[in-house]
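Okay, so here's the structure we're looking at.
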Amino acid sequence: MSGGAAAVRGVPALTRPPRLRAGDRVRLVTPCSPVPAAQLEASVAVLRAWGLHVDLAPHVRERHSHLPYLAGQDAVRAADLQSAWCDPDVAAVFCVRGGDGAHRTLDLLDFEAMRRAEPKALIGFSDVTALHEAFAVELGVGTVHGPVVGTRYFVGDPQAQHELHTTLFSPDERMVLTSPGAHALVPGRARGVTFGGNLSLLNDGLATPHSRLSADNGLLILEDIGEDVARIDRMLTHLLRTGWMDGVAGVVLGTWTDCPPDLGVIADLMRERLEPLGVPVLWGLEFGHCPAQLTIPLGVPAELDAERGTLELAVPGLV
């Protein structure tokens with residue numbers, strides 16, 4: 001395990017990246033799966049309408065020669081991400097797709113060089129969870145769990161665009177996160193630091209280099225797509241049995257899109273598995289693979305109030 005990971009026990013508050021302003025230069029990268037050309041162009045148009053100068057990473061349009069679920073060779077995807085992070089003229093890095101492949105880039109990143117760069121926002125979700133965790137552990141920088149901009153979770157979704165824009169440009173206006181159907185699976189209130197993302201990616205990253213050693217002091221956000229209840233049970237039980245979940249302050253559950261047999265069974269599983277932890281568990285915060293998804297800053301102190309259905313940030317997600 002890397003030296004950075006060995007130093008991170010639990011979930012500390014992280015350095016918050018600067019907020020965006022009109023005129024900033026941002027870069028779009030594909031560390032995971034390839035992006036359709038039309039979706040890429042549409043995402044650029046939206047970001048330019050926000051007043052941003054948009055650069056495309058050199059290999060953003062590539063596809064792996066024989067593994068079509070990857071956007072180019074691992075080394076190329078890692079190089080584009082690292083270059084974007086280390087470029088002093090780039091104010092934020094947008095991942096244009098999730099999918100697959102982020103874990104494959106991690107051992108190819110020069111985190112020592114990346115630590116010398118000024119913090120900036122990294123935005124994405126789903127497979128990008130692997131990057132959120134590695135950047136927290138190795139760089140000590142908070143990231144942004146929000147739409148991957150080259151997909152339907154951003155293009156053609158004005159509410160998701162609004163949520164992301166507000167978080168990035170006016171973070172003081174996004175201090176309380178809630179959804180109409182959010183409610184307590186396990187009641188209570190807890191304070192901790194936001195972290196997490198996709199359940200499958202967190203499970204896959206367990207005990208690997210650049211991964212967090214435990215969820216201690218964390219407000220763990222979880223979501224997934226296309227996983228049946230038995231697979232969700234197996235992954236969640238794995239996190240519990242390893243002791244990784246020991247000390248978690250609270251759990252915030254997002255959307256479980258296309259997770260059979262139905263959401264009622266998934267909720268029953270979550271209650272059965274998580275209630276013994278003795279911490280509040282919130283169900284139904286609308287982040288993840290869903291329309292109009294909420295954007296959640298990671299690495300930020302916050303308070304979870306399961307009965308009110310809220311996750312309230314103690315400080316703005318960006319400075």
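Going through the structure tokens in order, the chains are called A, B, and so on, while each chain numbers its residues from 1 and the ligands are numbered from 1 in the order shown.
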Distance query range 83-97 of chain A at most 6 Å, only C-alpha atoms, self and fewer than 5 positions along chain excluded, as a PDB file with N, CA and C atoms, in the first residue's frame:
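selection37.pdb, freshly written:
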```pdb
ATOM      1  N   ARG A  25     -10.642  28.480 -17.190  1.00  0.00           N
ATOM      2  CA  ARG A  25     -10.367  27.425 -18.169  1.00  0.00           C
ATOM      3  C   ARG A  25     -10.513  26.072 -17.493  1.00  0.00           C
ATOM      4  N   VAL A  26     -11.247  25.164 -18.119  1.00  0.00           N
ATOM      5  CA  VAL A  26     -11.449  23.819 -17.578  1.00  0.00           C
ATOM      6  C   VAL A  26     -11.078  22.805 -18.658  1.00  0.00           C
ATOM      7  N   ARG A  27     -10.863  21.565 -18.232  1.00  0.00           N
ATOM      8  CA  ARG A  27     -10.480  20.533 -19.207  1.00  0.00           C
ATOM      9  C   ARG A  27     -11.357  19.301 -19.029  1.00  0.00           C
ATOM     10  N   LEU A  28     -11.717  18.697 -20.141  1.00  0.00           N
ATOM     11  CA  LEU A  28     -12.514  17.486 -20.162  1.00  0.00           C
ATOM     12  C   LEU A  28     -11.615  16.292 -20.438  1.00  0.00           C
ATOM     13  N   VAL A  29     -11.753  15.241 -19.620  1.00  0.00           N
ATOM     14  CA  VAL A  29     -10.911  14.051 -19.725  1.00  0.00           C
ATOM     15  C   VAL A  29     -11.791  12.804 -19.737  1.00  0.00           C
ATOM     16  N   THR A  30     -11.233  11.705 -20.250  1.00  0.00           N
ATOM     17  CA  THR A  30     -11.946  10.418 -20.282  1.00  0.00           C
ATOM     18  C   THR A  30     -11.095   9.346 -19.608  1.00  0.00           C
ATOM     19  N   MET A 114       1.587  15.296  -8.769  1.00  0.00           N
ATOM     20  CA  MET A 114       0.253  15.875  -8.638  1.00  0.00           C
ATOM     21  C   MET A 114       0.085  16.610  -7.323  1.00  0.00           C
ATOM     22  N   ALA A 117       0.793  20.339  -7.492  1.00  0.00           N
ATOM     23  CA  ALA A 117      -0.155  21.197  -8.204  1.00  0.00           C
ATOM     24  C   ALA A 117      -1.138  21.822  -7.222  1.00  0.00           C
ATOM     25  N   LYS A 120      -7.771  21.725  -7.326  1.00  0.00           N
ATOM     26  CA  LYS A 120      -8.836  22.130  -8.240  1.00  0.00           C
ATOM     27  C   LYS A 120      -9.937  21.092  -8.156  1.00  0.00           C
ATOM     28  N   ALA A 121     -11.100  21.432  -8.658  1.00  0.00           N
ATOM     29  CA  ALA A 121     -12.229  20.511  -8.597  1.00  0.00           C
ATOM     30  C   ALA A 121     -12.073  19.396  -9.629  1.00  0.00           C
ATOM     31  N   LEU A 122     -12.302  18.171  -9.188  1.00  0.00           N
ATOM     32  CA  LEU A 122     -12.456  17.016 -10.065  1.00  0.00           C
ATOM     33  C   LEU A 122     -13.913  16.589  -9.958  1.00  0.00           C
ATOM     34  N   ILE A 123     -14.600  16.505 -11.100  1.00  0.00           N
ATOM     35  CA  ILE A 123     -16.042  16.263 -11.101  1.00  0.00           C
ATOM     36  C   ILE A 123     -16.374  14.974 -11.829  1.00  0.00           C
ATOM     37  N   GLY A 124     -17.214  14.146 -11.215  1.00  0.00           N
ATOM     38  CA  GLY A 124     -17.693  12.922 -11.846  1.00  0.00           C
ATOM     39  C   GLY A 124     -18.330  12.009 -10.822  1.00  0.00           C
ATOM     40  N   VAL A 148     -21.234  13.091 -14.796  1.00  0.00           N
ATOM     41  CA  VAL A 148     -20.224  12.981 -15.844  1.00  0.00           C
ATOM     42  C   VAL A 148     -20.839  13.673 -17.063  1.00  0.00           C
ATOM     43  N   VAL A 149     -20.164  14.693 -17.552  1.00  0.00           N
ATOM     44  CA  VAL A 149     -20.841  15.677 -18.400  1.00  0.00           C
ATOM     45  C   VAL A 149     -21.118  15.200 -19.821  1.00  0.00           C
ATOM     46  N   GLY A 150     -20.466  14.117 -20.265  1.00  0.00           N
ATOM     47  CA  GLY A 150     -20.708  13.632 -21.618  1.00  0.00           C
ATOM     48  C   GLY A 150     -21.769  12.562 -21.689  1.00  0.00           C
TER      49      GLY A 150
END
```
Please, which residues in range 169-210 of chain A fall within 12 Å of range 266-273 of chain A when counting only C-alpha atoms, and what is the closest atom pair and distance in Å to one decimal for each, ordered by chain then residue number, as CSV?
```
residue,atom,partner,partner_atom,distance
A:His183,CA,A:Ala267,CA,11.2
A:Ala184,CA,A:Arg271,CA,9.8
A:Leu185,CA,A:Arg271,CA,6.1
A:Val186,CA,A:Arg271,CA,7.1
A:Pro187,CA,A:Arg271,CA,10.9
```
Legend entry - Members of range 45-144 of chain A assigned strand (DSSP E or B) by DSSP, as a list in words: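 Everything in range 45-144 of chain A that counts as strand (DSSP E or B) is His53, Val54, Asp55, Leu56, Ala92, Val93, Phe94, Cys95, Ala121, Leu122, Ile123, Gly124, Val141 and Val144 of chain A.
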Would you save the residues from that selection as a PDB file, in the first residue's frame, using C-alpha atoms?
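Now in out-v4.pdb:
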```
ATOM      1  CA  HIS A  53     -13.130  28.225 -21.611  1.00  0.00           C
ATOM      2  CA  VAL A  54     -13.253  24.511 -22.398  1.00  0.00           C
ATOM      3  CA  ASP A  55     -10.226  22.456 -23.402  1.00  0.00           C
ATOM      4  CA  LEU A  56     -10.410  18.843 -24.502  1.00  0.00           C
ATOM      5  CA  ALA A  92     -11.301  22.254 -12.898  1.00  0.00           C
ATOM      6  CA  VAL A  93     -11.246  18.785 -14.434  1.00  0.00           C
ATOM      7  CA  PHE A  94     -14.495  17.298 -15.722  1.00  0.00           C
ATOM      8  CA  CYS A  95     -14.777  13.559 -16.343  1.00  0.00           C
ATOM      9  CA  ALA A 121     -12.229  20.511  -8.597  1.00  0.00           C
ATOM     10  CA  LEU A 122     -12.456  17.016 -10.065  1.00  0.00           C
ATOM     11  CA  ILE A 123     -16.042  16.263 -11.101  1.00  0.00           C
ATOM     12  CA  GLY A 124     -17.693  12.922 -11.846  1.00  0.00           C
ATOM     13  CA  VAL A 141      -8.055  17.289  -1.840  1.00  0.00           C
ATOM     14  CA  VAL A 144     -17.122  16.679  -6.420  1.00  0.00           C
TER      15      VAL A 144
END
```
Inset, instruction - Considering only C-alpha atoms, state which residue in the set A:Arg212, A:Arg19, A:Arg241, A:Arg48 is at the smallest distance from Pro297 in chain A. - result: A:Arg19
Inset, instruction - Name all residues at most 12 Å from Pro261 in chain A (count only C-alpha atoms; drop same-chain ones fewer than 4 positions away) and give them as a PyMOL selection string. - result: chain A and resi 226-232+256-257+265-269
Inset, instruction - Have a look at CA of Asp216 in chain A and CA of Thr242 in chain A and let me know their distance in Å, one decimal. - result: 13.1 Å
For Glu312 in chain A, work out the shell of residues within 10 Å, counting only C-alpha atoms and skipping chain neighbours fewer than 3 positions away, then give it as a PDB file with N, CA, C and O atoms, in the first residue's frame.
```pdb
ATOM      1  N   ARG A 174     -25.568  26.025  -1.689  1.00  0.00           N
ATOM      2  CA  ARG A 174     -25.852  24.591  -1.670  1.00  0.00           C
ATOM      3  C   ARG A 174     -25.311  23.968  -0.381  1.00  0.00           C
ATOM      4  O   ARG A 174     -24.444  23.115  -0.400  1.00  0.00           O
ATOM      5  N   MET A 175     -25.844  24.436   0.740  1.00  0.00           N
ATOM      6  CA  MET A 175     -25.383  23.949   2.029  1.00  0.00           C
ATOM      7  C   MET A 175     -26.240  22.810   2.569  1.00  0.00           C
ATOM      8  O   MET A 175     -25.760  21.973   3.323  1.00  0.00           O
ATOM      9  N   VAL A 176     -27.528  22.791   2.206  1.00  0.00           N
ATOM     10  CA  VAL A 176     -28.438  21.748   2.677  1.00  0.00           C
ATOM     11  C   VAL A 176     -28.901  20.925   1.477  1.00  0.00           C
ATOM     12  O   VAL A 176     -29.516  21.452   0.550  1.00  0.00           O
ATOM     13  N   LEU A 177     -28.595  19.632   1.509  1.00  0.00           N
ATOM     14  CA  LEU A 177     -28.971  18.724   0.428  1.00  0.00           C
ATOM     15  C   LEU A 177     -30.112  17.843   0.907  1.00  0.00           C
ATOM     16  O   LEU A 177     -30.024  17.211   1.973  1.00  0.00           O
ATOM     17  N   THR A 178     -31.192  17.803   0.128  1.00  0.00           N
ATOM     18  CA  THR A 178     -32.336  16.973   0.475  1.00  0.00           C
ATOM     19  C   THR A 178     -33.093  16.636  -0.791  1.00  0.00           C
ATOM     20  O   THR A 178     -32.830  17.202  -1.852  1.00  0.00           O
ATOM     21  N   ARG A 191     -22.508  13.770  12.864  1.00  0.00           N
ATOM     22  CA  ARG A 191     -21.575  14.643  12.161  1.00  0.00           C
ATOM     23  C   ARG A 191     -20.385  13.824  11.682  1.00  0.00           C
ATOM     24  O   ARG A 191     -19.946  12.896  12.365  1.00  0.00           O
ATOM     25  N   PRO A 301     -16.852  18.532   6.042  1.00  0.00           N
ATOM     26  CA  PRO A 301     -17.601  18.268   7.271  1.00  0.00           C
ATOM     27  C   PRO A 301     -19.086  18.563   7.064  1.00  0.00           C
ATOM     28  O   PRO A 301     -19.444  19.554   6.410  1.00  0.00           O
ATOM     29  N   ALA A 302     -19.936  17.702   7.617  1.00  0.00           N
ATOM     30  CA  ALA A 302     -21.372  17.857   7.406  1.00  0.00           C
ATOM     31  C   ALA A 302     -22.127  17.197   8.547  1.00  0.00           C
ATOM     32  O   ALA A 302     -21.563  16.437   9.343  1.00  0.00           O
ATOM     33  N   GLU A 303     -23.435  17.478   8.606  1.00  0.00           N
ATOM     34  CA  GLU A 303     -24.307  16.828   9.579  1.00  0.00           C
ATOM     35  C   GLU A 303     -25.428  16.117   8.840  1.00  0.00           C
ATOM     36  O   GLU A 303     -26.111  16.716   7.987  1.00  0.00           O
ATOM     37  N   LEU A 304     -25.621  14.874   9.167  1.00  0.00           N
ATOM     38  CA  LEU A 304     -26.716  14.070   8.635  1.00  0.00           C
ATOM     39  C   LEU A 304     -27.847  14.060   9.654  1.00  0.00           C
ATOM     40  O   LEU A 304     -27.628  13.723  10.828  1.00  0.00           O
ATOM     41  N   ASP A 305     -29.042  14.439   9.217  1.00  0.00           N
ATOM     42  CA  ASP A 305     -30.239  14.334  10.051  1.00  0.00           C
ATOM     43  C   ASP A 305     -31.206  13.429   9.298  1.00  0.00           C
ATOM     44  O   ASP A 305     -31.906  13.875   8.387  1.00  0.00           O
ATOM     45  N   GLY A 309     -34.334  14.197   6.751  1.00  0.00           N
ATOM     46  CA  GLY A 309     -34.006  13.885   5.362  1.00  0.00           C
ATOM     47  C   GLY A 309     -32.992  14.818   4.759  1.00  0.00           C
ATOM     48  O   GLY A 309     -33.024  15.106   3.564  1.00  0.00           O
ATOM     49  N   VAL A 315     -19.480  23.706   5.901  1.00  0.00           N
ATOM     50  CA  VAL A 315     -18.807  24.762   5.142  1.00  0.00           C
ATOM     51  C   VAL A 315     -19.139  24.548   3.674  1.00  0.00           C
ATOM     52  O   VAL A 315     -19.483  23.425   3.262  1.00  0.00           O
ATOM     53  N   PRO A 316     -19.055  25.573   2.845  1.00  0.00           N
ATOM     54  CA  PRO A 316     -19.300  25.367   1.411  1.00  0.00           C
ATOM     55  C   PRO A 316     -18.342  24.328   0.836  1.00  0.00           C
ATOM     56  O   PRO A 316     -17.193  24.197   1.283  1.00  0.00           O
TER      57      PRO A 316
END
```
Inset, instruction - For Ala75 in chain A, work out the shell of residues within 12 Å, counting only C-alpha atoms and skipping chain neighbours fewer than 2 positions away, then give it as number ranges by chain. - result: A: 30-32, 59, 64, 70-73, 77-83, 101-102, 104-110
Next, the residues of the selection above should be written as an mmCIF file, in the first residue's frame with N, CA and C atoms.
```
data_model
loop_
_atom_site.group_PDB
_atom_site.id
_atom_site.type_symbol
_atom_site.label_atom_id
_atom_site.label_comp_id
_atom_site.auth_asym_id
_atom_site.auth_seq_id
_atom_site.Cartn_x
_atom_site.Cartn_y
_atom_site.Cartn_z
ATOM 1 N N THR A 30 -11.233 11.705 -20.250
ATOM 2 C CA THR A 30 -11.946 10.418 -20.282
ATOM 3 C C THR A 30 -11.095 9.346 -19.608
ATOM 4 N N PRO A 31 -11.072 9.299 -18.272
ATOM 5 C CA PRO A 31 -10.270 8.285 -17.584
ATOM 6 C C PRO A 31 -10.936 6.919 -17.536
ATOM 7 N N CYS A 32 -12.153 6.820 -18.041
ATOM 8 C CA CYS A 32 -12.923 5.577 -17.915
ATOM 9 C C CYS A 32 -13.304 5.069 -19.301
ATOM 10 N N HIS A 59 -6.465 13.109 -25.861
ATOM 11 C CA HIS A 59 -6.948 11.795 -26.287
ATOM 12 C C HIS A 59 -8.397 11.561 -25.874
ATOM 13 N N HIS A 64 -9.990 2.330 -26.833
ATOM 14 C CA HIS A 64 -8.982 1.277 -26.743
ATOM 15 C C HIS A 64 -9.050 0.378 -27.971
ATOM 16 N N LEU A 70 -13.070 0.770 -22.917
ATOM 17 C CA LEU A 70 -12.103 1.727 -22.382
ATOM 18 C C LEU A 70 -11.837 2.841 -23.385
ATOM 19 N N ALA A 71 -11.657 4.052 -22.875
ATOM 20 C CA ALA A 71 -11.363 5.203 -23.726
ATOM 21 C C ALA A 71 -9.854 5.327 -23.905
ATOM 22 N N GLY A 72 -9.284 4.513 -24.775
ATOM 23 C CA GLY A 72 -7.849 4.572 -25.016
ATOM 24 C C GLY A 72 -7.063 3.706 -24.057
ATOM 25 N N GLN A 73 -5.773 3.588 -24.313
ATOM 26 C CA GLN A 73 -4.883 2.801 -23.468
ATOM 27 C C GLN A 73 -4.807 3.398 -22.059
ATOM 28 N N ARG A 77 -4.888 7.481 -20.894
ATOM 29 C CA ARG A 77 -5.946 8.050 -20.055
ATOM 30 C C ARG A 77 -5.356 8.651 -18.776
ATOM 31 N N ALA A 78 -4.403 7.954 -18.185
ATOM 32 C CA ALA A 78 -3.752 8.472 -16.983
ATOM 33 C C ALA A 78 -2.972 9.750 -17.283
ATOM 34 N N ALA A 79 -2.282 9.768 -18.409
ATOM 35 C CA ALA A 79 -1.481 10.948 -18.769
ATOM 36 C C ALA A 79 -2.363 12.169 -18.984
ATOM 37 N N ASP A 80 -3.502 11.982 -19.640
ATOM 38 C CA ASP A 80 -4.420 13.109 -19.849
ATOM 39 C C ASP A 80 -4.940 13.646 -18.522
ATOM 40 N N LEU A 81 -5.281 12.756 -17.608
ATOM 41 C CA LEU A 81 -5.785 13.182 -16.300
ATOM 42 C C LEU A 81 -4.704 13.916 -15.514
ATOM 43 N N GLN A 82 -3.517 13.355 -15.478
ATOM 44 C CA GLN A 82 -2.437 13.983 -14.726
ATOM 45 C C GLN A 82 -2.062 15.333 -15.321
ATOM 46 N N SER A 83 -2.005 15.416 -16.628
ATOM 47 C CA SER A 83 -1.663 16.682 -17.280
ATOM 48 C C SER A 83 -2.695 17.759 -16.961
ATOM 49 N N GLY A 101 -12.779 1.419 -16.011
ATOM 50 C CA GLY A 101 -11.387 1.702 -16.325
ATOM 51 C C GLY A 101 -10.633 2.618 -15.397
ATOM 52 N N ALA A 102 -11.341 3.340 -14.501
ATOM 53 C CA ALA A 102 -10.629 4.290 -13.648
ATOM 54 C C ALA A 102 -9.597 3.597 -12.763
ATOM 55 N N ARG A 104 -7.801 1.156 -13.394
ATOM 56 C CA ARG A 104 -6.626 0.760 -14.174
ATOM 57 C C ARG A 104 -5.634 1.905 -14.350
ATOM 58 N N THR A 105 -6.091 3.137 -14.146
ATOM 59 C CA THR A 105 -5.199 4.287 -14.325
ATOM 60 C C THR A 105 -4.411 4.632 -13.064
ATOM 61 N N LEU A 106 -4.881 4.180 -11.893
ATOM 62 C CA LEU A 106 -4.366 4.729 -10.633
ATOM 63 C C LEU A 106 -2.880 4.481 -10.432
ATOM 64 N N ASP A 107 -2.404 3.290 -10.762
ATOM 65 C CA ASP A 107 -0.994 2.983 -10.547
ATOM 66 C C ASP A 107 -0.091 3.666 -11.572
ATOM 67 N N LEU A 108 -0.696 4.328 -12.559
ATOM 68 C CA LEU A 108 0.083 5.020 -13.590
ATOM 69 C C LEU A 108 0.162 6.520 -13.338
ATOM 70 N N LEU A 109 -0.503 6.996 -12.299
ATOM 71 C CA LEU A 109 -0.458 8.417 -11.963
ATOM 72 C C LEU A 109 0.744 8.709 -11.068
ATOM 73 N N ASP A 110 1.415 9.808 -11.335
ATOM 74 C CA ASP A 110 2.534 10.259 -10.505
ATOM 75 C C ASP A 110 1.959 11.185 -9.426
#
```
Check which residues of range 45-149 of chain A sit at most 7 Å from range 20-23 of chain A using only C-alpha atoms, and return one row each with the closest pair of atoms and their distance in Å to one decimal, ordered by chain and rising number, as a Markdown table.
```
| residue | atom | partner | partner_atom | distance |
| --- | --- | --- | --- | --- |
| A:Trp50 | CA | A:Ala22 | CA | 6.8 |
| A:Gly51 | CA | A:Ala22 | CA | 4.7 |
| A:Leu52 | CA | A:Gly23 | CA | 5.1 |
| A:His53 | CA | A:Gly23 | CA | 6.3 |
```
Legend entry - Non-local contacts of Ser214 in chain A (10 Å; only C-alpha atoms; under 3 positions in same chain excluded) as a VMD selection string: chain A and resid 8 to 11 206 to 207 211 217 to 218 239 242 to 248
Selection above as a file: N, CA and C atoms, as a compact mmCIF listing (two decimals), in the first residue's frame:
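selection.txt, written as the output of this step:
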```txt
# COMPACT_ATOMS: atom_id res chain seq x y z
N VAL A 8 -3.64 7.67 5.98
CA VAL A 8 -5.04 8.06 6.06
C VAL A 8 -5.84 6.96 6.73
N ARG A 9 -6.11 7.15 8.02
CA ARG A 9 -6.95 6.22 8.77
C ARG A 9 -8.26 6.94 9.08
N GLY A 10 -9.30 6.49 8.45
CA GLY A 10 -10.57 7.15 8.61
C GLY A 10 -10.79 8.20 7.54
N VAL A 11 -11.66 9.16 7.85
CA VAL A 11 -12.12 10.12 6.84
C VAL A 11 -11.89 11.53 7.37
N LEU A 206 -11.23 -1.98 -2.16
CA LEU A 206 -10.86 -2.31 -0.79
C LEU A 206 -9.49 -2.98 -0.73
N ALA A 207 -8.62 -2.48 0.15
CA ALA A 207 -7.29 -3.05 0.40
C ALA A 207 -6.35 -2.99 -0.80
N SER A 211 -6.16 3.31 -1.56
CA SER A 211 -7.49 3.20 -0.99
C SER A 211 -7.47 3.57 0.49
N ASN A 217 -15.34 8.06 11.08
CA ASN A 217 -15.65 9.48 11.06
C ASN A 217 -16.29 9.93 9.75
N GLY A 218 -16.63 9.01 8.87
CA GLY A 218 -17.17 9.38 7.58
C GLY A 218 -18.69 9.34 7.53
N LEU A 239 -17.81 -5.18 2.90
CA LEU A 239 -17.33 -3.97 3.56
C LEU A 239 -17.50 -4.06 5.07
N THR A 242 -14.95 -6.91 6.73
CA THR A 242 -13.54 -6.53 6.77
C THR A 242 -13.23 -5.56 7.90
N GLY A 243 -14.27 -4.98 8.49
CA GLY A 243 -14.06 -3.94 9.49
C GLY A 243 -13.93 -2.55 8.90
N TRP A 244 -14.02 -2.46 7.58
CA TRP A 244 -13.87 -1.17 6.92
C TRP A 244 -14.92 -0.17 7.38
N MET A 245 -16.11 -0.66 7.71
CA MET A 245 -17.22 0.22 8.10
C MET A 245 -17.17 0.60 9.59
N ASP A 246 -16.25 0.02 10.34
CA ASP A 246 -16.18 0.34 11.77
C ASP A 246 -15.95 1.84 11.97
N GLY A 247 -16.75 2.44 12.82
CA GLY A 247 -16.58 3.85 13.13
C GLY A 247 -17.26 4.80 12.18
N VAL A 248 -17.94 4.28 11.14
CA VAL A 248 -18.65 5.18 10.23
C VAL A 248 -19.67 5.99 11.04
```
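Among the candidate residues A:Leu236, A:Val46, A:Leu311, A:Val60, the one lying nearest to Leu201 in chain A is A:Leu236, with distances computed using only C-alpha atoms.
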